[in-house]
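**Q** What follows is a single structure, and I will ask about it in a moment.
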Amino acid sequence: MSQKRFKAEILPIRDKLYHIAKKMLVEEDEAEDAVQEVLLKLWHTCDTLEKYDNLAAFATTVTKNHCLDRIKVLKRTESLNETHFVQETTENPYILLERKNTQDLLQKIIKSLPTLQQAIIKMKDIEEYEVEEIAEITGTKVDAVRVNLSRARKKVRDEYIKLTTL
């Protein structure tokens, strides 16, 4: 792929890629860095881009996957930081412990779900994405997102009830 064609086909979708990255990563700087890295990655592989029929869709997928990788790295570092810093609060320590245990249990149950269901339930119930946005990010149909979300919620509910009523 020539530099001219790269500029004509890839650079015009930069704003769309940024929008996707910003939705997933939240922070503007993180999203900007992610888009720059994706564009650089695409440029380095421009010789192989000829085989893709829809470069915009491919670039969107690369951006989504790159952001998911960054989120995984950020989650690892955040969980390490949470174990070292305890927030002060005036609430009852027993209630705080109960909340923490419930949160840990729910996270454990969600991690046991299939990967797509994990991503969908996190995007919908935690990050508050719309179903249409989730479908675009995951590359699935809106109906498939709804079905996976319903199954994930049912599984979480059933497992939570089973584990808390022992």
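Chain labels A, B, ... are given in the sequence in which chains occur in the structure tokens; within each chain residues are numbered consecutively from 1, and ligands are likewise numbered from 1 in the order shown.
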Write out as a ChimeraX atom specification each polymer residue whose atoms come within 12 Å of Thr102 of chain A, counting only C-alpha atoms; drop sequence neighbours fewer than 4 positions from it.

**A** /A:95-98,106-109,160-161,163-164

**Q** Next, the residues of the selection above should be written as a compact mmCIF listing (two decimals), in the first residue's frame with N, CA, C and O atoms.

**A**
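result07.txt was written with the following content:
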```txt
# COMPACT_ATOMS: atom_id res chain seq x y z
N ILE A 95 -20.21 -3.51 57.59
CA ILE A 95 -20.89 -3.25 56.32
C ILE A 95 -19.87 -3.15 55.19
O ILE A 95 -20.09 -3.68 54.09
N LEU A 96 -18.76 -2.49 55.47
CA LEU A 96 -17.71 -2.38 54.45
C LEU A 96 -17.17 -3.75 54.07
O LEU A 96 -16.93 -4.03 52.89
N LEU A 97 -16.98 -4.60 55.05
CA LEU A 97 -16.49 -5.95 54.78
C LEU A 97 -17.50 -6.74 53.96
O LEU A 97 -17.13 -7.45 53.02
N GLU A 98 -18.77 -6.60 54.29
CA GLU A 98 -19.82 -7.30 53.55
C GLU A 98 -19.85 -6.83 52.09
O GLU A 98 -19.96 -7.63 51.16
N LEU A 106 -18.86 -11.28 43.23
CA LEU A 106 -19.41 -10.96 41.92
C LEU A 106 -18.31 -10.91 40.85
O LEU A 106 -18.50 -11.38 39.72
N GLN A 107 -17.16 -10.34 41.19
CA GLN A 107 -16.04 -10.30 40.24
C GLN A 107 -15.58 -11.72 39.89
O GLN A 107 -15.28 -12.01 38.74
N LYS A 108 -15.54 -12.58 40.88
CA LYS A 108 -15.14 -13.97 40.65
C LYS A 108 -16.13 -14.67 39.72
O LYS A 108 -15.74 -15.39 38.80
N ILE A 109 -17.42 -14.44 39.96
CA ILE A 109 -18.45 -15.06 39.12
C ILE A 109 -18.36 -14.52 37.69
O ILE A 109 -18.43 -15.29 36.72
N TYR A 160 -24.56 -16.47 42.22
CA TYR A 160 -24.54 -15.68 43.45
C TYR A 160 -25.49 -16.29 44.49
O TYR A 160 -25.13 -16.46 45.66
N ILE A 161 -26.69 -16.64 44.04
CA ILE A 161 -27.65 -17.24 44.95
C ILE A 161 -27.14 -18.57 45.47
O ILE A 161 -27.22 -18.87 46.67
N LEU A 163 -24.02 -19.59 45.79
CA LEU A 163 -22.87 -19.43 46.67
C LEU A 163 -23.22 -18.75 48.00
O LEU A 163 -22.53 -18.96 49.00
N THR A 164 -24.25 -17.93 48.04
CA THR A 164 -24.58 -17.21 49.26
C THR A 164 -25.60 -17.94 50.13
O THR A 164 -25.83 -17.53 51.27
```

**Q** Which residues are near Asp33 of chain A? Cut-off 12 Å, only C-alpha atoms, ignore same chain within fewer than 6 positions. Put them as a PyMOL selection string.

**A** chain A and resi 17-18+21-22+25+27+39-40+63+66-67+70

**Q** Between atom CA of Thr165 of chain A and atom CA of Arg151 of chain A, what distance in Å does the model show, to one decimal?

**A**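 Between these atoms lies a distance of 21.2 Å.
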
**Q** Using Å and a single decimal, report how far atom CA of Ile120 of chain A sits from atom CA of Ile134 of chain A.

**A**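 Result for atom CA of Ile134 of chain A versus atom CA of Ile120 of chain A: 6.8 Å, one decimal.
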
**Q** May I ask which of the residues A:Glu37, A:Glu127, A:Glu132, A:Asp47 is the closest one to Arg5 of chain A, counting only C-alpha atoms?

**A** A:Asp47

**Q** What lies within 12 Å of Ser112 of chain A using only C-alpha atoms, ignoring chain neighbours under 5 positions off, as a PyMOL selection string?

**A** chain A and resi 105-107+117-119+152+155-156+159

**Q** Point out the residue among A:Ile137, A:Val142, A:Val147, A:Cys46 with the least atom-to-atom distance to Ile20 of chain A, counting only C-alpha atoms.

**A** A:Ile137

**Q** If you run DSSP over the backbone, which residues in segment 113-147 of chain A end up helix (DSSP H, G or I)? Put them as a list in words.

**A**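 Of segment 113-147 of chain A, the ones in helix (DSSP H, G or I) are Thr115, Leu116, Gln117, Gln118, Ala119, Ile120, Ile121, Lys122, Met123, Lys124, Asp125, Ile126, Val131, Glu132, Glu133, Ile134, Ala135, Glu136, Ile137, Thr138, Val142, Asp143, Ala144, Val145, Arg146 and Val147 of chain A.
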
**Q** Any chance you can output those residues with N, CA and C atoms as a compact mmCIF listing (two decimals), in the first residue's frame?

**A**
```txt
# COMPACT_ATOMS: atom_id res chain seq x y z
N THR A 115 -15.63 -15.22 27.65
CA THR A 115 -14.99 -13.92 27.43
C THR A 115 -15.95 -12.87 26.88
N LEU A 116 -16.75 -13.24 25.88
CA LEU A 116 -17.67 -12.27 25.28
C LEU A 116 -18.71 -11.82 26.30
N GLN A 117 -19.24 -12.75 27.08
CA GLN A 117 -20.23 -12.38 28.10
C GLN A 117 -19.61 -11.50 29.18
N GLN A 118 -18.36 -11.78 29.54
CA GLN A 118 -17.66 -10.92 30.51
C GLN A 118 -17.59 -9.49 29.99
N ALA A 119 -17.13 -9.35 28.75
CA ALA A 119 -16.97 -8.02 28.17
C ALA A 119 -18.31 -7.30 28.09
N ILE A 120 -19.35 -8.01 27.66
CA ILE A 120 -20.66 -7.38 27.48
C ILE A 120 -21.25 -6.95 28.82
N ILE A 121 -21.20 -7.80 29.83
CA ILE A 121 -21.80 -7.44 31.13
C ILE A 121 -21.02 -6.30 31.78
N LYS A 122 -19.70 -6.26 31.60
CA LYS A 122 -18.91 -5.16 32.15
C LYS A 122 -19.24 -3.85 31.43
N MET A 123 -19.31 -3.91 30.09
CA MET A 123 -19.60 -2.68 29.35
C MET A 123 -20.99 -2.16 29.64
N LYS A 124 -21.98 -3.04 29.78
CA LYS A 124 -23.36 -2.61 29.99
C LYS A 124 -23.62 -2.20 31.44
N ASP A 125 -23.28 -3.07 32.39
CA ASP A 125 -23.67 -2.83 33.77
C ASP A 125 -22.67 -2.02 34.59
N ILE A 126 -21.42 -2.03 34.19
CA ILE A 126 -20.42 -1.29 34.96
C ILE A 126 -20.08 0.03 34.27
N VAL A 131 -26.47 -0.74 24.23
CA VAL A 131 -26.38 -2.02 23.54
C VAL A 131 -25.79 -1.84 22.14
N GLU A 132 -26.20 -0.78 21.46
CA GLU A 132 -25.70 -0.52 20.10
C GLU A 132 -24.19 -0.26 20.12
N GLU A 133 -23.72 0.46 21.11
CA GLU A 133 -22.29 0.73 21.23
C GLU A 133 -21.52 -0.57 21.50
N ILE A 134 -22.07 -1.41 22.35
CA ILE A 134 -21.42 -2.68 22.66
C ILE A 134 -21.35 -3.55 21.41
N ALA A 135 -22.41 -3.55 20.63
CA ALA A 135 -22.43 -4.34 19.39
C ALA A 135 -21.34 -3.85 18.44
N GLU A 136 -21.18 -2.54 18.35
CA GLU A 136 -20.15 -1.97 17.46
C GLU A 136 -18.75 -2.32 17.97
N ILE A 137 -18.54 -2.22 19.25
CA ILE A 137 -17.22 -2.48 19.83
C ILE A 137 -16.85 -3.96 19.71
N THR A 138 -17.81 -4.83 20.02
CA THR A 138 -17.52 -6.26 19.99
C THR A 138 -17.62 -6.87 18.60
N VAL A 142 -26.76 -6.55 17.47
CA VAL A 142 -27.43 -6.03 18.66
C VAL A 142 -28.19 -7.14 19.37
N ASP A 143 -28.88 -8.00 18.61
CA ASP A 143 -29.63 -9.10 19.23
C ASP A 143 -28.70 -10.06 19.96
N ALA A 144 -27.52 -10.32 19.39
CA ALA A 144 -26.56 -11.22 20.03
C ALA A 144 -26.06 -10.61 21.35
N VAL A 145 -25.89 -9.29 21.37
CA VAL A 145 -25.46 -8.62 22.60
C VAL A 145 -26.53 -8.79 23.67
N ARG A 146 -27.80 -8.58 23.28
CA ARG A 146 -28.89 -8.72 24.25
C ARG A 146 -28.98 -10.14 24.81
N VAL A 147 -28.85 -11.13 23.92
CA VAL A 147 -28.92 -12.52 24.36
C VAL A 147 -27.77 -12.85 25.30
```
